[in-house]
$ cat data-v6.pdb   # PDB, C-alpha atoms and all ligand atoms
ATOM      1  CA  MET A   1     -21.369 -14.069  12.556
ATOM      2  CA  ARG A   2     -18.695 -16.631  13.465
ATOM      3  CA  SER A   3     -16.060 -16.191  10.805
ATOM      4  CA  CYS A   4     -15.288 -14.252   7.655
ATOM      5  CA  SER A   5     -13.052 -14.275   4.635
ATOM      6  CA  LEU A   6     -11.753 -10.928   3.357
ATOM      7  CA  ILE A   7     -10.018  -9.650   0.252
ATOM      8  CA  ALA A   8      -7.167  -7.227   1.031
ATOM      9  CA  PRO A   9      -5.952  -5.404  -2.113
ATOM     10  CA  ALA A  10      -2.437  -4.056  -2.603
ATOM     11  CA  LYS A  11      -1.893  -0.350  -3.237
ATOM     12  CA  ILE A  12       0.381   1.658  -5.469
ATOM     13  CA  ASN A  13       1.308   5.316  -5.150
ATOM     14  CA  LEU A  14       0.436   7.428  -8.168
ATOM     15  CA  TYR A  15       2.133  10.329  -6.385
ATOM     16  CA  LEU A  16       4.416  10.686  -3.361
ATOM     17  CA  GLU A  17       5.832  14.055  -2.357
ATOM     18  CA  ILE A  18       7.774  14.622   0.855
ATOM     19  CA  ILE A  19       7.202  18.172   2.036
ATOM     20  CA  GLY A  20       8.603  18.374   5.558
ATOM     21  CA  ASP A  21       9.425  16.874   8.930
ATOM     22  CA  ARG A  22       6.852  16.216  11.649
ATOM     23  CA  SER A  23       7.352  16.511  15.387
ATOM     24  CA  ASP A  24       6.508  12.781  15.744
ATOM     25  CA  GLY A  25       9.591  11.847  13.669
ATOM     26  CA  PHE A  26       7.544  11.024  10.553
ATOM     27  CA  HIS A  27       7.324  13.086   7.352
ATOM     28  CA  GLU A  28       4.590  15.386   6.109
ATOM     29  CA  LEU A  29       3.496  13.785   2.864
ATOM     30  CA  VAL A  30       1.240  14.513  -0.081
ATOM     31  CA  MET A  31       0.330  11.285  -1.847
ATOM     32  CA  ILE A  32      -2.198   9.840  -4.243
ATOM     33  CA  LEU A  33      -2.879   6.223  -3.342
ATOM     34  CA  GLN A  34      -4.561   3.646  -5.541
ATOM     35  CA  SER A  35      -5.878   0.134  -4.832
ATOM     36  CA  ILE A  36      -5.126  -2.625  -7.330
ATOM     37  CA  SER A  37      -6.708  -6.019  -7.953
ATOM     38  CA  LEU A  38      -3.648  -8.000  -6.764
ATOM     39  CA  ALA A  39      -4.823  -9.013  -3.285
ATOM     40  CA  ASP A  40      -4.258 -11.279  -0.284
ATOM     41  CA  ARG A  41      -7.035 -13.306   1.328
ATOM     42  CA  VAL A  42      -7.444 -13.029   5.087
ATOM     43  CA  ASP A  43      -9.660 -15.550   6.934
ATOM     44  CA  ILE A  44     -10.646 -14.744  10.501
ATOM     45  CA  LYS A  45     -12.392 -17.029  12.977
ATOM     46  CA  PRO A  46     -12.553 -17.383  16.761
ATOM     47  CA  SER A  47      -9.655 -19.335  18.295
ATOM     48  CA  ASP A  48     -10.128 -21.968  21.005
ATOM     49  CA  THR A  49      -8.288 -19.795  23.533
ATOM     50  CA  GLN A  50      -8.032 -16.073  24.373
ATOM     51  CA  LYS A  51      -4.948 -15.891  22.168
ATOM     52  CA  ILE A  52      -4.294 -14.378  18.748
ATOM     53  CA  CYS A  53      -2.936 -16.944  16.274
ATOM     54  CA  ILE A  54      -1.526 -16.053  12.838
ATOM     55  CA  TYR A  55      -0.866 -18.527  10.040
ATOM     56  CA  CYS A  56       0.663 -17.575   6.709
ATOM     57  CA  ASP A  57       1.784 -19.664   3.753
ATOM     58  CA  HIS A  58       4.684 -17.290   2.895
ATOM     59  CA  PRO A  59       8.118 -18.107   4.410
ATOM     60  CA  HIS A  60       9.034 -14.419   4.943
ATOM     61  CA  VAL A  61       5.856 -13.417   6.754
ATOM     62  CA  PRO A  62       6.231 -13.618  10.559
ATOM     63  CA  GLU A  63       3.520 -15.351  12.581
ATOM     64  CA  ASP A  64       4.169 -13.381  15.794
ATOM     65  CA  GLU A  65       3.559  -9.847  17.086
ATOM     66  CA  THR A  66       5.975  -8.387  14.523
ATOM     67  CA  ASN A  67       3.233  -9.034  11.945
ATOM     68  CA  LEU A  68       1.017  -5.949  11.500
ATOM     69  CA  ALA A  69      -2.040  -8.213  11.279
ATOM     70  CA  TYR A  70      -1.202  -9.563  14.739
ATOM     71  CA  ARG A  71      -0.832  -6.011  16.054
ATOM     72  CA  ALA A  72      -4.202  -5.083  14.557
ATOM     73  CA  ALA A  73      -5.841  -7.950  16.484
ATOM     74  CA  GLN A  74      -3.922  -6.951  19.638
ATOM     75  CA  LEU A  75      -5.220  -3.385  19.274
ATOM     76  CA  MET A  76      -8.825  -4.589  19.026
ATOM     77  CA  CYS A  77      -8.339  -6.796  22.141
ATOM     78  CA  ARG A  78      -6.903  -3.806  24.021
ATOM     79  CA  VAL A  79      -9.585  -1.302  22.958
ATOM     80  CA  PHE A  80     -12.485  -3.739  23.498
ATOM     81  CA  PRO A  81     -11.359  -5.912  26.471
ATOM     82  CA  ASP A  82     -14.876  -6.986  27.510
ATOM     83  CA  VAL A  83     -15.806  -8.045  23.989
ATOM     84  CA  HIS A  84     -12.497  -9.914  23.713
ATOM     85  CA  ALA A  85     -13.209 -11.703  27.023
ATOM     86  CA  ASN A  86     -16.654 -12.608  25.755
ATOM     87  CA  TYR A  87     -15.738 -13.815  22.237
ATOM     88  CA  GLY A  88     -12.223 -15.149  22.996
ATOM     89  CA  GLY A  89      -9.164 -14.837  20.760
ATOM     90  CA  VAL A  90      -8.969 -14.918  16.986
ATOM     91  CA  SER A  91      -7.300 -17.172  14.483
ATOM     92  CA  ILE A  92      -6.067 -15.371  11.349
ATOM     93  CA  ARG A  93      -4.983 -17.154   8.180
ATOM     94  CA  ILE A  94      -3.276 -15.100   5.465
ATOM     95  CA  ALA A  95      -3.063 -16.415   1.892
ATOM     96  CA  LYS A  96      -0.293 -14.247   0.451
ATOM     97  CA  ASN A  97      -0.342 -13.124  -3.179
ATOM     98  CA  ILE A  98       1.125  -9.626  -2.712
ATOM     99  CA  PRO A  99       4.950  -9.627  -2.655
ATOM    100  CA  VAL A 100       6.424  -8.682   0.739
ATOM    101  CA  ALA A 101       8.670  -5.640   1.436
ATOM    102  CA  ALA A 102       7.656  -4.372  -1.961
ATOM    103  CA  GLY A 103       6.160  -0.884  -1.460
ATOM    104  CA  LEU A 104       2.680  -2.308  -2.119
ATOM    105  CA  ALA A 105       1.302  -2.110   1.458
ATOM    106  CA  GLY A 106       0.720  -5.872   1.621
ATOM    107  CA  GLY A 107       1.237  -6.035   5.402
ATOM    108  CA  SER A 108      -0.836  -2.892   5.924
ATOM    109  CA  GLY A 109      -3.684  -4.394   3.899
ATOM    110  CA  ASN A 110      -3.622  -7.545   6.040
ATOM    111  CA  ALA A 111      -3.864  -5.384   9.183
ATOM    112  CA  ALA A 112      -6.753  -3.406   7.680
ATOM    113  CA  ALA A 113      -8.536  -6.700   6.911
ATOM    114  CA  VAL A 114      -8.107  -7.829  10.531
ATOM    115  CA  LEU A 115      -9.715  -4.612  11.818
ATOM    116  CA  VAL A 116     -12.643  -4.970   9.399
ATOM    117  CA  GLY A 117     -12.988  -8.708  10.136
ATOM    118  CA  ILE A 118     -12.920  -8.424  13.938
ATOM    119  CA  ASN A 119     -15.430  -5.570  13.714
ATOM    120  CA  LEU A 120     -17.718  -8.062  11.949
ATOM    121  CA  ILE A 121     -17.216 -11.204  14.016
ATOM    122  CA  TRP A 122     -17.372  -9.322  17.328
ATOM    123  CA  ASN A 123     -20.446  -7.337  16.163
ATOM    124  CA  LEU A 124     -18.773  -4.059  17.149
ATOM    125  CA  GLY A 125     -20.645  -1.917  14.621
ATOM    126  CA  LEU A 126     -17.675   0.423  14.060
ATOM    127  CA  THR A 127     -18.084   2.825  11.135
ATOM    128  CA  GLN A 128     -15.469   3.224   8.390
ATOM    129  CA  PRO A 129     -14.105   6.499   9.917
ATOM    130  CA  GLU A 130     -13.863   4.766  13.315
ATOM    131  CA  LEU A 131     -11.974   1.849  11.756
ATOM    132  CA  GLU A 132      -9.672   4.287   9.946
ATOM    133  CA  GLU A 133      -8.915   6.062  13.225
ATOM    134  CA  LEU A 134      -7.864   2.763  14.815
ATOM    135  CA  ALA A 135      -5.897   1.898  11.660
ATOM    136  CA  ALA A 136      -3.862   5.133  11.948
ATOM    137  CA  GLU A 137      -2.511   3.914  15.312
ATOM    138  CA  LEU A 138      -0.921   0.937  13.538
ATOM    139  CA  GLY A 139       0.640   2.497  10.439
ATOM    140  CA  SER A 140       0.458   5.450   8.061
ATOM    141  CA  ASP A 141      -1.140   3.722   5.087
ATOM    142  CA  ILE A 142      -3.482   1.332   6.937
ATOM    143  CA  PRO A 143      -6.432   3.808   6.978
ATOM    144  CA  PHE A 144      -6.237   3.944   3.173
ATOM    145  CA  CYS A 145      -6.171   0.144   2.972
ATOM    146  CA  VAL A 146      -9.509   0.024   4.851
ATOM    147  CA  SER A 147     -11.374   2.244   2.375
ATOM    148  CA  GLY A 148      -9.204   1.888  -0.752
ATOM    149  CA  GLY A 149     -10.028   3.131  -4.243
ATOM    150  CA  THR A 150      -8.270   6.324  -5.319
ATOM    151  CA  ALA A 151      -7.476   8.921  -2.648
ATOM    152  CA  ILE A 152      -5.326  11.902  -1.767
ATOM    153  CA  ALA A 153      -3.454  11.087   1.459
ATOM    154  CA  THR A 154      -1.834  13.862   3.494
ATOM    155  CA  GLY A 155      -0.334  14.385   6.952
ATOM    156  CA  ARG A 156       1.504  11.161   7.795
ATOM    157  CA  GLY A 157      -0.557   9.530   5.039
ATOM    158  CA  GLU A 158      -3.574   8.909   7.254
ATOM    159  CA  LYS A 159      -5.740  11.911   6.226
ATOM    160  CA  LEU A 160      -7.766  10.794   3.238
ATOM    161  CA  ASP A 161      -9.841  12.491   0.541
ATOM    162  CA  SER A 162     -11.469  10.149  -1.953
ATOM    163  CA  LEU A 163     -11.131  10.837  -5.654
ATOM    164  CA  ALA A 164     -13.077   9.600  -8.698
ATOM    165  CA  ASN A 165     -12.682   5.869  -9.316
ATOM    166  CA  LEU A 166     -10.094   4.884 -11.897
ATOM    167  CA  ASP A 167     -10.916   1.321 -12.744
ATOM    168  CA  ASN A 168     -10.157   1.033 -16.461
ATOM    169  CA  ILE A 169      -6.388   1.185 -16.260
ATOM    170  CA  TRP A 170      -4.234  -1.950 -16.261
ATOM    171  CA  LEU A 171      -0.715  -2.297 -14.989
ATOM    172  CA  VAL A 172       2.298  -4.551 -14.955
ATOM    173  CA  LEU A 173       4.127  -4.822 -11.643
ATOM    174  CA  ALA A 174       7.688  -6.105 -11.487
ATOM    175  CA  LYS A 175       9.827  -6.906  -8.476
ATOM    176  CA  TYR A 176      13.129  -8.678  -7.932
ATOM    177  CA  ASP A 177      12.656 -11.496  -5.387
ATOM    178  CA  ASN A 178      16.147 -10.816  -4.025
ATOM    179  CA  ILE A 179      15.715  -7.049  -3.475
ATOM    180  CA  GLY A 180      13.779  -5.543  -0.561
ATOM    181  CA  VAL A 181      13.913  -1.878   0.483
ATOM    182  CA  SER A 182      13.533  -0.789   4.101
ATOM    183  CA  THR A 183      10.960   2.022   4.259
ATOM    184  CA  PRO A 184      12.617   3.689   7.308
ATOM    185  CA  TRP A 185      15.955   3.612   5.410
ATOM    186  CA  ALA A 186      14.383   5.274   2.347
ATOM    187  CA  TYR A 187      12.832   8.121   4.376
ATOM    188  CA  LYS A 188      15.954   8.568   6.523
ATOM    189  CA  THR A 189      18.188   8.764   3.448
ATOM    190  CA  TYR A 190      15.791  11.231   1.809
ATOM    191  CA  ARG A 191      15.967  13.387   4.935
ATOM    192  CA  GLN A 192      19.790  13.288   4.904
ATOM    193  CA  GLN A 193      19.911  14.388   1.274
ATOM    194  CA  TYR A 194      16.940  16.711   0.851
ATOM    195  CA  SER A 195      15.946  18.193   4.221
ATOM    196  CA  ASP A 196      17.333  21.572   3.078
ATOM    197  CA  SER A 197      14.299  21.860   0.805
ATOM    198  CA  TYR A 198      11.759  20.850   3.493
ATOM    199  CA  ILE A 199       9.019  23.346   4.326
ATOM    200  CA  ALA A 200       9.438  24.125   8.028
ATOM    201  CA  ASP A 201       6.454  26.296   8.985
ATOM    202  CA  ALA A 202       2.936  24.995   9.587
ATOM    203  CA  ALA A 203       1.351  27.591   7.275
ATOM    204  CA  GLY A 204       3.717  26.643   4.445
ATOM    205  CA  ILE A 205       2.946  22.949   4.887
ATOM    206  CA  LYS A 206      -0.773  23.674   4.916
ATOM    207  CA  SER A 207      -0.664  25.691   1.706
ATOM    208  CA  ARG A 208       1.589  23.140  -0.073
ATOM    209  CA  THR A 209      -0.754  20.351   0.998
ATOM    210  CA  ALA A 210      -3.825  22.244  -0.272
ATOM    211  CA  LYS A 211      -2.204  22.714  -3.712
ATOM    212  CA  ILE A 212      -2.614  19.030  -4.568
ATOM    213  CA  ASN A 213      -6.395  19.526  -4.926
ATOM    214  CA  SER A 214      -5.948  21.748  -7.999
ATOM    215  CA  SER A 215      -2.860  19.967  -9.361
ATOM    216  CA  PRO A 216      -2.718  18.736 -12.996
ATOM    217  CA  LEU A 217      -2.552  15.097 -11.762
ATOM    218  CA  VAL A 218      -5.724  15.414  -9.684
ATOM    219  CA  ASN A 219      -7.442  17.139 -12.639
ATOM    220  CA  ALA A 220      -6.361  14.262 -14.884
ATOM    221  CA  ILE A 221      -7.762  11.754 -12.367
ATOM    222  CA  VAL A 222     -11.061  13.638 -12.071
ATOM    223  CA  ASN A 223     -11.311  13.690 -15.882
ATOM    224  CA  LYS A 224     -10.219  10.017 -16.087
ATOM    225  CA  ASN A 225      -7.523  11.037 -18.565
ATOM    226  CA  ALA A 226      -5.251   7.982 -18.454
ATOM    227  CA  LYS A 227      -2.628   9.451 -20.831
ATOM    228  CA  GLU A 228      -2.166  12.560 -18.654
ATOM    229  CA  ILE A 229      -2.134  10.467 -15.466
ATOM    230  CA  GLY A 230       0.669   8.362 -16.946
ATOM    231  CA  LYS A 231       2.730  11.488 -17.700
ATOM    232  CA  LEU A 232       2.188  13.139 -14.301
ATOM    233  CA  ILE A 233       2.851  10.307 -11.810
ATOM    234  CA  ASP A 234       5.813  11.104  -9.559
ATOM    235  CA  ASN A 235       7.574   9.704  -6.486
ATOM    236  CA  ASP A 236      10.216  11.601  -4.456
ATOM    237  CA  LEU A 237      11.583   8.355  -2.982
ATOM    238  CA  GLU A 238      12.868   7.315  -6.421
ATOM    239  CA  LYS A 239      15.591   9.957  -5.895
ATOM    240  CA  VAL A 240      17.190   7.874  -3.135
ATOM    241  CA  VAL A 241      16.120   4.310  -3.991
ATOM    242  CA  LEU A 242      17.006   4.208  -7.716
ATOM    243  CA  PRO A 243      20.661   5.318  -7.267
ATOM    244  CA  GLU A 244      21.121   2.735  -4.466
ATOM    245  CA  TYR A 245      19.509  -0.110  -6.456
ATOM    246  CA  PRO A 246      20.716   0.158 -10.103
ATOM    247  CA  GLN A 247      18.762  -2.987 -11.072
ATOM    248  CA  VAL A 248      15.526  -1.236 -10.095
ATOM    249  CA  ALA A 249      16.556   1.851 -12.099
ATOM    250  CA  LYS A 250      17.263  -0.389 -15.133
ATOM    251  CA  LEU A 251      13.880  -2.060 -14.730
ATOM    252  CA  LYS A 252      12.170   1.337 -14.784
ATOM    253  CA  SER A 253      14.141   2.317 -17.925
ATOM    254  CA  ALA A 254      13.102  -0.943 -19.604
ATOM    255  CA  PHE A 255       9.434  -0.141 -18.921
ATOM    256  CA  ALA A 256       9.907   3.503 -20.013
ATOM    257  CA  ALA A 257      11.121   2.306 -23.434
ATOM    258  CA  GLN A 258       7.789   0.478 -24.027
ATOM    259  CA  ASP A 259       4.542   1.839 -25.425
ATOM    260  CA  ILE A 260       2.901   2.487 -22.040
ATOM    261  CA  LEU A 261       1.052   5.297 -20.253
ATOM    262  CA  GLY A 262       3.782   5.800 -17.633
ATOM    263  CA  THR A 263       6.084   3.988 -15.214
ATOM    264  CA  MET A 264       7.144   4.575 -11.612
ATOM    265  CA  MET A 265       8.387   2.905  -8.448
ATOM    266  CA  SER A 266       5.623   2.336  -5.884
ATOM    267  CA  GLY A 267       6.089   3.774  -2.371
ATOM    268  CA  SER A 268       9.581   3.077  -1.043
ATOM    269  CA  GLY A 269       9.977   0.366  -3.679
ATOM    270  CA  PRO A 270      11.439  -1.736  -5.032
ATOM    271  CA  THR A 271       8.337  -2.662  -7.073
ATOM    272  CA  VAL A 272       8.104  -0.793 -10.368
ATOM    273  CA  PHE A 273       4.798  -0.519 -12.213
ATOM    274  CA  ALA A 274       3.863   0.377 -15.774
ATOM    275  CA  LEU A 275       0.380   1.765 -16.447
ATOM    276  CA  CYS A 276      -1.279   0.393 -19.582
ATOM    277  CA  ASP A 277      -4.471   1.020 -21.592
ATOM    278  CA  SER A 278      -5.561  -2.619 -21.715
ATOM    279  CA  GLU A 279      -4.877  -6.089 -20.399
ATOM    280  CA  ALA A 280      -3.485  -7.129 -23.786
ATOM    281  CA  GLN A 281      -1.023  -4.221 -23.732
ATOM    282  CA  ALA A 282       0.015  -5.070 -20.153
ATOM    283  CA  ILE A 283       0.673  -8.719 -21.085
ATOM    284  CA  ALA A 284       2.685  -7.697 -24.156
ATOM    285  CA  VAL A 285       4.778  -5.209 -22.121
ATOM    286  CA  LYS A 286       5.417  -7.841 -19.462
ATOM    287  CA  GLU A 287       6.619 -10.379 -22.048
ATOM    288  CA  ARG A 288       8.940  -7.886 -23.744
ATOM    289  CA  VAL A 289      10.552  -6.625 -20.504
ATOM    290  CA  LYS A 290      10.856 -10.195 -19.173
ATOM    291  CA  THR A 291      12.709 -11.300 -22.312
ATOM    292  CA  GLN A 292      14.876  -8.193 -22.359
ATOM    293  CA  ILE A 293      16.043  -8.412 -18.713
ATOM    294  CA  ASN A 294      16.009 -12.231 -18.533
ATOM    295  CA  ASP A 295      16.639 -12.599 -14.774
ATOM    296  CA  SER A 296      15.100 -15.531 -12.877
ATOM    297  CA  GLN A 297      14.756 -13.321  -9.760
ATOM    298  CA  LEU A 298      12.462 -10.864 -11.556
ATOM    299  CA  ARG A 299       8.750 -11.575 -11.063
ATOM    300  CA  PHE A 300       5.817  -9.946 -12.874
ATOM    301  CA  TRP A 301       2.116  -9.481 -12.198
ATOM    302  CA  VAL A 302      -0.541  -8.167 -14.583
ATOM    303  CA  THR A 303      -3.257  -6.488 -12.565
ATOM    304  CA  LYS A 304      -5.629  -3.505 -12.723
ATOM    305  CA  LEU A 305      -6.753  -0.504 -10.734
ATOM    306  CA  VAL A 306      -9.797  -1.136  -8.518
ATOM    307  CA  SER A 307     -12.186   1.140  -6.659
ATOM    308  CA  HIS A 308     -12.385  -0.659  -3.314
ATOM    309  CA  GLY A 309     -10.422  -1.430  -0.157
ATOM    310  CA  ILE A 310     -11.167  -4.399   2.115
ATOM    311  CA  GLN A 311     -14.004  -6.542   0.736
ATOM    312  CA  ILE A 312     -15.942  -9.317   2.455
ATOM    313  CA  LYS A 313     -15.678 -12.450   0.305
ATOM    314  CA  SER A 314     -17.767 -14.722   2.502
ATOM    315  CA  GLN A 315     -19.108 -14.970   6.043
ATOM    316  CA  THR A 316     -20.610 -17.705   8.129
TER     317      THR A 316
HETATM  318  O1  LIG B   1       3.738   4.246   9.319
HETATM  319  P1  LIG B   1       4.574   3.157   8.748
HETATM  320  O2  LIG B   1       4.895   2.089   9.734
HETATM  321  O3  LIG B   1       4.077   2.623   7.467
HETATM  322  O4  LIG B   1       5.974   3.845   8.394
HETATM  323  C1  LIG B   1       7.140   3.108   8.129
HETATM  324  C2  LIG B   1       8.327   4.045   8.211
HETATM  325  O5  LIG B   1       8.318   4.973   7.124
HETATM  326  C3  LIG B   1       8.364   4.908   9.450
HETATM  327  O6  LIG B   1       9.013   4.244  10.488
HETATM  328  C4  LIG B   1       9.159   6.118   8.986
HETATM  329  O7  LIG B   1      10.537   5.830   8.993
HETATM  330  C5  LIG B   1       8.740   6.256   7.515
HETATM  331  N1  LIG B   1       7.634   7.216   7.321
HETATM  332  C6  LIG B   1       7.884   8.572   7.445
HETATM  333  N2  LIG B   1       6.841   9.444   7.276
HETATM  334  C7  LIG B   1       5.611   9.023   6.969
HETATM  335  C8  LIG B   1       5.341   7.634   6.824
HETATM  336  C9  LIG B   1       6.395   6.760   6.997
HETATM  337  O8  LIG B   1       9.008   9.002   7.719
HETATM  338  N3  LIG B   1       4.638   9.909   6.801
END
$ encode --input "data-v6.pdb" --output "structure tokens"
Amino acid sequence: MRSCSLIAPAKINLYLEIIGDRSDGFHELVMILQSISLADRVDIKPSDTQKICIYCDHPHVPEDETNLAYRAAQLMCRVFPDVHANYGGVSIRIAKNIPVAAGLAGGSGNAAAVLVGINLIWNLGLTQPELEELAAELGSDIPFCVSGGTAIATGRGEKLDSLANLDNIWLVLAKYDNIGVSTPWAYKTYRQQYSDSYIADAAGIKSRTAKINSSPLVNAIVNKNAKEIGKLIDNDLEKVVLPEYPQVAKLKSAFAAQDILGTMMSGSGPTVFALCDSEAQAIAVKERVKTQINDSQLRFWVTKLVSHGIQIKSQT
């Protein structure tokens, strides 16, 4: 294969609980992650040189090594130097649909697509677990972006357990163009305010982590009970992000006043989503909240839950 075109879906968190500190400076998390149909397209082909080249149509996406997709290609070149020497560098073109700095793992998804794509065009034959292991070196939620669907994520976010597919739920996403939240800031602020309640011992963390498997939210997901899922979604980071960004808090309240299954901020925000029973309901909710808030900086997307991570769209 010479080149490939990949679909890289965004993700939302249906659950995010911070349970403790880790010795690597990260947090011990218990999350439920969910892929959605809003996706970027990532095209990968050999470049004329040994170099990695990134092109992106979005003004806020860097085209250098600060881009996670670039770092994913760099990692593959470093781990497989002979194959890199043989095939040469790669040219990566990202068509951006997922908003950036939004808590939707857009950059992580692009990096996951690069790992999957280079595995294909270099004929490496890496398995999904092998790709996920490489992905964990780049970022906490990149392993999930490789496999996607619905999954419990623990540890730093890289340990995954797949759950039943939830693909009949729609959602409205809303994000202010002029608000971005720094993920390190959100976790650091949470630590400053809530570390007193962190579980400190390994046994305690293990037993708290195990509890998610029999939690009401996981039961609701297994039983595909959308109403219960909507009631049980939860995100600890809302406790620090919503007070700091009152506009985001107001947006969530506007969604909460609608006839929806549930509403929450995704990841470290500032995107807020509202889960809906149907596409028609999602469109109606979007129109009502748009009219009510009436701010030209506020953008909306109607999208749905999907059961896959990186998908190959075409290959030559
Ligand atoms: O791994 P990733 O690059 O996505 O993490 C971004 C930031 O989020 C980290 O630098 C860290 O500040 C915070 N984080 C954390 N604990 C995690 C995951 C992320 O503190 N488990």
$ residues_around --input "data-v6.pdb" --residues "Ile205 of chain A" --least-positions-apart "3" --cutoff "8 Å" --atoms "all atoms listed in the file" --output "number ranges by chain"
A: 19-20, 28, 199-202, 208-209
$ write_last_selection --input "data-v6.pdb" --atoms "C-alpha atoms" --output "short mmCIF file (atom, residue, chain, number, x, y, z; two decimals), in the coordinates of the input"
data_model
loop_
_atom_site.label_atom_id
_atom_site.label_comp_id
_atom_site.auth_asym_id
_atom_site.auth_seq_id
_atom_site.Cartn_x
_atom_site.Cartn_y
_atom_site.Cartn_z
CA ILE A 19 7.20 18.17 2.04
CA GLY A 20 8.60 18.37 5.56
CA GLU A 28 4.59 15.39 6.11
CA ILE A 199 9.02 23.35 4.33
CA ALA A 200 9.44 24.12 8.03
CA ASP A 201 6.45 26.30 8.98
CA ALA A 202 2.94 25.00 9.59
CA ARG A 208 1.59 23.14 -0.07
CA THR A 209 -0.75 20.35 1.00
#
$ closest_residue --input "data-v6.pdb" --among "A:Ser307, A:Asn13, A:Gln297, A:Asn168" --to "Gly149 of chain A" --atoms "all atoms listed in the file"
A:Ser307
$ resolve_selection --input "data-v6.pdb" --expression "the PyMOL selection byres (((chain A and resi 230) around 8) and not hetatm)" --output "number ranges by chain"
A: 226-229, 231-233, 261-263, 275
$ closest_atom_pairs --input "data-v6.pdb" --of "chain A" --to "ligand LIG 1 (chain B)" --cutoff "6 Å" --atoms "all atoms listed in the file" --output "JSON lines"
{"residue": "A:Phe26", "atom": "CA", "partner": "B:LIG1", "partner_atom": "N2", "distance": 3.7}
{"residue": "A:His27", "atom": "CA", "partner": "B:LIG1", "partner_atom": "N2", "distance": 3.7}
{"residue": "A:Glu28", "atom": "CA", "partner": "B:LIG1", "partner_atom": "N3", "distance": 5.5}
{"residue": "A:Leu29", "atom": "CA", "partner": "B:LIG1", "partner_atom": "N3", "distance": 5.6}
{"residue": "A:Gly139", "atom": "CA", "partner": "B:LIG1", "partner_atom": "O1", "distance": 3.7}
{"residue": "A:Ser140", "atom": "CA", "partner": "B:LIG1", "partner_atom": "O1", "distance": 3.7}
{"residue": "A:Asp141", "atom": "CA", "partner": "B:LIG1", "partner_atom": "O3", "distance": 5.8}
{"residue": "A:Arg156", "atom": "CA", "partner": "B:LIG1", "partner_atom": "N3", "distance": 3.5}
{"residue": "A:Gly157", "atom": "CA", "partner": "B:LIG1", "partner_atom": "N3", "distance": 5.5}
{"residue": "A:Thr183", "atom": "CA", "partner": "B:LIG1", "partner_atom": "O5", "distance": 4.9}
{"residue": "A:Pro184", "atom": "CA", "partner": "B:LIG1", "partner_atom": "O7", "distance": 3.4}
{"residue": "A:Tyr187", "atom": "CA", "partner": "B:LIG1", "partner_atom": "O8", "distance": 5.2}
$ resolve_selection --input "data-v6.pdb" --expression "the PyMOL selection byres (((chain A and resi 136) around 12) and not hetatm)" --output "JSON, numbers by chain"
{"A": [72, 75, 108, 111, 112, 115, 129, 130, 131, 132, 133, 134, 135, 137, 138, 139, 140, 141, 142, 143, 144, 145, 146, 155, 156, 157, 158, 159, 160]}
$ residues_around --input "data-v6.pdb" --residues "segment 89-97 of chain A" --least-positions-apart "4" --cutoff "8 Å" --atoms "only C-alpha atoms" --output "PyMOL selection string"
chain A and resi 38-58+73+84+110+114
$ resolve_selection --input "data-v6.pdb" --expression "the PyMOL selection byres (((chain A and resi 83) around 12) and not hetatm)" --output "NGL selection string"
:A and (50 or 76-82 or 84-90 or 118-119 or 121-124)
$ closest_residue --input "data-v6.pdb" --among "A:Lys290, A:Lys239, A:Arg2, A:Lys206" --to "Gly117 of chain A" --atoms "all atoms listed in the file"
A:Arg2
$ atom_distance --input "data-v6.pdb" --atom1 "atom CA of Arg191 of chain A" --atom2 "atom CA of Lys252 of chain A"
23.4 Å
$ atom_distance --input "data-v6.pdb" --atom1 "atom CA of Asn223 of chain A" --atom2 "atom CA of Phe273 of chain A"
21.8 Å
$ closest_residue --input "data-v6.pdb" --among "A:Lys188, A:Lys211, A:Lys11, A:Arg71" --to "Val30 of chain A" --atoms "all atoms listed in the file"
A:Lys211
$ atom_distance --input "data-v6.pdb" --atom1 "atom CA of Pro59 of chain A" --atom2 "atom CA of Ser35 of chain A"
24.8 Å
$ closest_residue --input "data-v6.pdb" --among "A:Asp234, A:Pro62, A:Thr271, A:Ser195" --to "Arg22 of chain A" --atoms "all atoms listed in the file"
A:Ser195
$ closest_residue --input "data-v6.pdb" --among "A:Asn178, A:Gln315, A:Thr66, A:Gln74" --to "Gly107 of chain A" --atoms "all atoms listed in the file"
A:Thr66
$ closest_residue --input "data-v6.pdb" --among "A:Val289, A:Ile221, A:Ala210, A:Met264" --to "Leu166 of chain A" --atoms "only C-alpha atoms"
A:Ile221
$ residues_near_point --input "data-v6.pdb" --point "(3.8, -5.1, -22.3)" --cutoff "9 Å" --atoms "all atoms listed in the file" --output "list of chain:residue names"
A:Val172, A:Phe255, A:Gln258, A:Asp259, A:Ile260, A:Ala274, A:Cys276, A:Glu279, A:Ala280, A:Gln281, A:Ala282, A:Ile283, A:Ala284, A:Val285, A:Lys286, A:Glu287, A:Arg288, A:Val289
$ residues_near_point --input "data-v6.pdb" --point "(-2.4, -5.9, -9.5)" --cutoff "10 Å" --atoms "all atoms listed in the file" --output "ChimeraX atom specification"
/A:9-12,35-39,97-98,104,170-173,273,300-306
